Each structure stands twice: as structure tokens, then as C-alpha cells.
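Visitor: Next up is a structure, given as C-alpha cells.
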Amino acid sequence: MTEQETTFQSMNLSPSVLKALQGMGFEEPSPIQKKTIPLILEEHDLIGQAQTGTGKTAAFGVPIVERLDHRSKRVQALVLAPTRELAIQVSEEITKIGKFAGIKVVPIYGGQSYDRQIRALEHGAQVVIGTPGRVMDHIRRGTLKLDHVKMMVLDEADEMLDMGFIEDVEFILQNVPEERQTLLFSATVPDPIAKLSRRYLKEPVHVNISPERLTVPLIDQVFYEVREYEKLDSLTRILDMEGAERTIIFCRTKKRVDELTEGLQARGYTAEAIHGDLNQVQRNRVMKRFKDGGSEILVATDVAARGLDIENVSHVINYDLPQDTESYVHRIGRTGRAGRSGTAISLIHPKEFRQLRQMERILRVRLQRRPLPTMADVAEKQREALKLRLADEIQRGVLPAYQDLVMQLAEEYDSVDIAAAAVRLMVDKGRDTASDEFGETGAEPGMVRLFLNLGRMDRVTPADIVRGMAEGAGIQGSVIGLIDIYDRFTFVEMPKDAVKKVLQNVGSIMIRGKSVNLEPARPR
Ligand code: AMP
């Protein structure tokens, strides 16, 4: 089977893992997963050269879940990671992959109390993810028993080296059974890492997914720094600022495509989703509407966009960075065709800066950083556009019937006032009346602004609010718009449907452990 045809299904994975991957929205294995999962399942030792963002966690996480003896409660897989953040992230991802297999995953890292970790370990941990120092401490204290470990993973080995953990790593390697599988993932393989692998890995297979030299299309490539909770809000401002006409937005998973499409539609954009769940007829329909200009935005996964023949796209937006550099080039190649100019925009979380730099190095390009437009920028831009439209209209020739009407009014009113009133009517007509039933709340068009009785003094963060609303009222985090936190209260914007759900479920919404009061805001 060629790599192109490798799917999760063709890898002989168990139904529970396939179901979990589907739930996570993974449509097909990433390049590193295609290459490594089969090898790891065959119990080879392996050196995987891959960056964060390539899907390397699932590359070893899937085989770990597959290879566990689910009846045994002992530690069978140990993953070492350089930082506490990475340890937590890896632990979350493996927990998700093992959701239906019912596995126990325990992260252990410095900074957290030993007691809690010891209790978690005593409860039976099958997979332990830890930072080297803390793992070593637990080994010395006798609170972490590794004699049943059959898989050992060194994640981001070069980072562990840079952070001075290499001796701890060696100590740990000497304390796991010889009879084991060892996997080493690293973006680079400097000498000490190569030496380490010669000593502790058995005939490792070397897997490298750094791509061939790629030709990058000559278009504007820019990026904005954006946090996850503000992604949708930022995206809409960027779309408004850019005056994007025909735009393709890429997300990493089907689930994200659906969520984003809904979020955009709720804000009044004509966006449509395209991904692997659509049948051919549905796909054709979506594509036709996009080509005819019936919809302005296509939200897609990489898989769905492959093989689509779409021309004249003004903007390609990476809502999520792609898993590998080749996909990036593929994605952005959809704009700027046939000599037209195009713009490729990437929304980048600070966590992804390393991946961005690596991509820039491979492609020998530099993405230009742009500051996020503010609401005022967007309003200004919209006023400019309005001026242009009015000027155009005047130049096209004014209708005598309307001229008459204005003249009549001018006998009583100031002509500038008449014009301003006419403009307001025109603008309001284009605006949806979502906020009607809640009265004017001072929200952006199409949204409702809610008042929440917690603020900075209660230490709430936007993430707390998004989580509280999602868990308590079942609304998707992505539909939540602007969150404005003040000392004692907070304003949260969301579309009307979401507001209804929130107001029906106020009693169940807990934020920072507190129940909250929420009501439509009064206009500013
Ligand atoms: P990693 O390189 O492991 O940090 O993964 C980067 C991101 O890609 C994580 O959010 C993963 O959940 C996600 N991911 C991993 N594999 C896939 C896949 N096959 N399809 C879609 N997303 C994936």
C-alpha cells in the first residue's frame, strides 16, 4: 500500500481507538503517523524526526493504547517530556485516544504536590507521562515502579538535552526493563542525542518527515498572533478588514470546520463547510455555490480541499496551522493563481511560534507579522467602504424622484441631516435584527451582549468563561465572541441562539467554582 492510501482503518487499529480518533476529528493520519504507527505496532525501536504540530503525539499515543495490556494496572508505558505543559498536553491526548479503551494515564511533573501524584500512581497508572526530574524523584522514592514498562518514549529529546535533563533521562533509561521498545522523537538530532540513541535504542528505524525543497507561490504571507479563545472574533475582524471576497479557511479537523462554519454563519457571513462527511452530491452543491459567488467563504479540512479545482480565491486563511510544511504550501497555493494577487493569512498561537519558525526556515520565507485590527479599525474601514459606495452612487447619476423627495425635506430640515438619516436607514437595513428580543445590548451586529457578575477580582479568565458556558449550557466555545473583563463584571458576546441556551441554563453554569448571574447587557 502506498503511503497516500494509508488510513487509520488500514492500520488494523482496534474499534475503540478508531472511534476515539473519529471523535477527535482526525480524518486521516498525518505524514508522521502514516510512517511511524505501523512500525511502532510492529515493535520496532524508532527515531522520529518531527516538530510539534506534526501529530507526533498521536504517532506514539495510538500504538501505546493499542499495545497496553488493559487488564494489568501496572505502568506499561513511560513518556518523558521536557516541560510540564508538554507532559499535560501529551497526557490529555493519550487520554482522549484511550477514551473508549478505558485506560489510566497519569501526568507527573515538578511543581505539583507529591502526595497527589503518589495517590494517582497508587490508583493504578498504565501510562505515565512525566518530566525527567520528577520521574527520577519518584523512582528514587520508590513511588514509581517501572518493572513492567514495555514502551518508553522520549518526546522532544533535543529540548530535554537543551534543558540539561540528559543525565536524568539516562538514569531513567537504566531503570526500565531492557526488554522494551524505545521511541525517540526529536526535531533535530544533535550528537549527544545520536549517542544516546546508539546506547539505548535497538536497531532503530529512522523516520524523517522534513519535506523536499518546496516552491512557494509568490503571494503575501502574513500572520496574526491569536489566542484560542479569541480566534473567531479575531478572524471576523480580519475578514472585515481585508475585504476578503472569496476565501478558503482551513481547519485541522472536521469538528473545527463545523464549529467555525456555524460561528461564522451566526455572525452573518455566508460560509459553508466542506469535509469528508459530505457525500459527492453535497460536495458538488457546496462547491457550485462557492464558485458562483453564492457563498463567500469555504471552510475546509486539508483532505476535503485536496483535488478541488478552485480559482480566483482572494484569501487563504490558516485558522489552524497545517501539520506539515507541504500542506501549508498546498493550502496557500490556492490563492494568487494565474497572475492574480492573493493573500495567505495564518492565525498563530504563541505555542506555535516554534513550528512557524521551522516552516519559515524550510521554505526560506518570512511571514510578515500584522497587529490584530481593533473594533475601531474595522469601523473605520467600514465607513470608508460606505463613503466609496455613496460616491459611486452619486457619480452614476442620482434619480430625479429621489432628488424631489430630498428637496421637499430640505424645506424643513438641514440637507446634511437628511443625508445622514438616509445613510443610517441604509446601514440598518443590512443589519440583522438578532438582538431585537433582548433589546439593544451594545453588541456587534448579529450578537447579543451579556452581563456577567464576575470579573478580574474573581480571577476569571476568558478560558474560564468559555469552559463554564460550554459545560453548563452546552454551547460551543467557538461561537462566543468578544469577552471584556472588568474588575467586578464581564461582558460576553454571543449569537442569539447561544444566549437563549445560556439564559435557560444559568443555574448550571459554574465559573471558577461559583454559580453566576447573567443577563442581557444595557447598551453602552
Ligand atoms: P502534535 O504534533 O502531537 O502536538 O499535534 C498537533 C495537533 O494536531 C494536536 O492538536 C493534535 O490533536 C492534532 N492532530 C494530531 N494528529 C492529527 C490528525 N491525524 N488529524 C488531525 N489533527 C491531528
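Naming scheme: A, B, ... for chains in displayed order of the C-alpha cells; residues 1 onward per chain; ligands 1 onward as shown.
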Per DSSP on the backbone, what are the strand (DSSP E or B) residues of region 386-460 of chain A, as a list in words?
Guide: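 Listing strand (DSSP E or B) positions across region 386-460 of chain A yields Met447, Val448, Arg449, Leu450, Phe451 and Leu452 of chain A.
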Visitor: Tell me which protein, DNA and RNA residues are within 12 Å of Gly23 (chain A), counting only C-alpha atoms, leaving out same-chain ones fewer than 2 positions away, and put them as a list in words.
Guide: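 Listing them by chain and then by number gives Ser16, Val17, Leu18, Lys19, Ala20, Leu21, Gly25, Phe26, Glu27, Lys96, Ile97, Gly98, Lys99, Phe100, Thr253, Lys254, Lys255 and Arg256 of chain A.
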Visitor: Export C-alpha atoms of the chosen residues as a compact mmCIF listing (two decimals), in the first residue's frame?
Guide:
# COMPACT_ATOMS: atom_id res chain seq x y z
CA SER A 16 -12.29 1.63 20.30
CA VAL A 17 -9.25 3.58 19.08
CA LEU A 18 -10.81 4.22 15.67
CA LYS A 19 -13.91 5.52 17.38
CA ALA A 20 -11.83 7.79 19.61
CA LEU A 21 -9.86 9.17 16.65
CA GLY A 25 -11.98 14.73 14.38
CA PHE A 26 -8.88 13.14 12.87
CA GLU A 27 -9.85 12.34 9.31
CA LYS A 96 -8.56 11.00 24.51
CA ILE A 97 -7.17 8.27 22.28
CA GLY A 98 -7.79 5.74 25.06
CA LYS A 99 -11.23 7.11 25.95
CA PHE A 100 -13.14 4.01 24.84
CA THR A 253 -10.35 18.72 11.99
CA LYS A 254 -13.89 18.17 10.77
CA LYS A 255 -15.20 19.20 14.15
CA ARG A 256 -13.38 22.51 13.98
Visitor: Using only C-alpha atoms and all ligand atoms, find each residue of chain A with at least one atom at most 7 Å away from an atom of ligand 1; report its shortest atom-to-atom pair and that distance in Å (one decimal), sort the rows by chain and rising residue number, and return the result as a Markdown table.
Guide:
| residue | atom | partner | partner_atom_place_in_ligand_line | distance |
| --- | --- | --- | --- | --- |
| A:Gly25 | CA | ligand 1 | 21 (C) | 6.4 |
| A:Phe26 | CA | ligand 1 | 20 (N) | 3.7 |
| A:Glu27 | CA | ligand 1 | 20 (N) | 5.6 |
| A:Glu28 | CA | ligand 1 | 19 (N) | 5.0 |
| A:Pro29 | CA | ligand 1 | 19 (N) | 3.9 |
| A:Ser30 | CA | ligand 1 | 19 (N) | 4.6 |
| A:Gln51 | CA | ligand 1 | 2 (O) | 6.5 |
| A:Thr52 | CA | ligand 1 | 2 (O) | 3.9 |
| A:Gly53 | CA | ligand 1 | 2 (O) | 3.2 |
| A:Thr54 | CA | ligand 1 | 2 (O) | 3.9 |
| A:Gly55 | CA | ligand 1 | 2 (O) | 3.4 |
| A:Lys56 | CA | ligand 1 | 3 (O) | 4.1 |
| A:Thr57 | CA | ligand 1 | 3 (O) | 3.6 |
| A:Ala58 | CA | ligand 1 | 16 (N) | 5.7 |
| A:Glu93 | CA | ligand 1 | 12 (O) | 6.6 |
| A:Arg252 | CA | ligand 1 | 21 (C) | 5.3 |
| A:Thr253 | CA | ligand 1 | 21 (C) | 5.2 |
| A:Gln323 | CA | ligand 1 | 8 (O) | 6.6 |
Visitor: Using only C-alpha atoms, which of the listed residues (A:Glu167, A:Val127, A:Arg134, A:Arg424) sits closest to Tyr114 (chain A)?
Guide: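 Checking each candidate against Tyr114 (chain A), we get A:Arg134 as the closest.
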Visitor: Within 9 Å of Met241 (chain A), counting only C-alpha atoms, which residues qualify if same-chain residues fewer than 6 places away don't, as number ranges by chain?
Guide: A: 373, 377-378, 381-382
Visitor: Taking 5 positions as the minimum chain separation for residues in the same chain, which residues sit within 8 Å of region 464-466 of chain A when counting only C-alpha atoms? Answer as a ChimeraX atom specification.
Guide: /A:229,477,480,511-512
Visitor: Of the residues A:Arg267, A:Lys501, A:Arg366, A:His349, which is the one nearest to Glu444 (chain A), using only C-alpha atoms?
Guide: A:Arg267
Visitor: Give me, please, the distance in Å between CA of His148 (chain A) and CA of Gly164 (chain A), quoted to one decimal.
Guide: 27.3 Å
Visitor: For Val460 (chain A), list every protein, DNA or RNA residue within 10 Å, evaluated using only C-alpha atoms, and leave out those in the same chain fewer than 2 positions away; present the list as a count of residues only.
Guide: 17
Visitor: Excluding Gly124 (chain A) and residues on its chain fewer than 2 positions from it, collect all residues at most 8 Å away from it, counting only C-alpha atoms, and give them as a list in words.
Guide: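 Near Gly124 (chain A), the qualifying residues are Lys73, Arg74, Val75, Lys104, Ala120, Leu121, Glu122 and Gln126 of chain A.
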Visitor: Measure the distance from CA of Met11 (chain A) to CA of Lys34 (chain A) in Å and round it to one decimal.
Guide: 8.8 Å
Visitor: Determine, counting only C-alpha atoms, which protein, DNA and RNA residues have an atom within 10 Å of an atom of Leu161 (chain A); residues of the same chain fewer than 6 positions away are not included. Present the result as a ChimeraX atom specification.
Guide: /A:82,167-169,190,192-193
Visitor: Ranking A:Tyr319, A:Phe451, A:Phe250, A:Tyr109 by minimum distance to Leu235 (chain A) and counting only C-alpha atoms, which one comes first?
Guide: A:Tyr319
Visitor: Select, from A:Leu308, A:Val176, A:Gly110, A:Val207, the residue with the minimum atom-to-atom distance to Pro38 (chain A), counting only C-alpha atoms.
Guide: A:Val207
Visitor: For Thr143 (chain A), which residue among A:Glu156, A:Glu170, A:Asp115, A:Asp292 is the nearest when counting only C-alpha atoms?
Guide: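 When distances to Thr143 (chain A) are compared using only C-alpha atoms, the smallest one comes from A:Asp115.
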Visitor: Please compute the CA of Gly294 (chain A)-CA of Pro495 (chain A) distance, one decimal, in Å.
Guide: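 Going from CA of Gly294 (chain A) over to CA of Pro495 (chain A) covers 22.7 Å.
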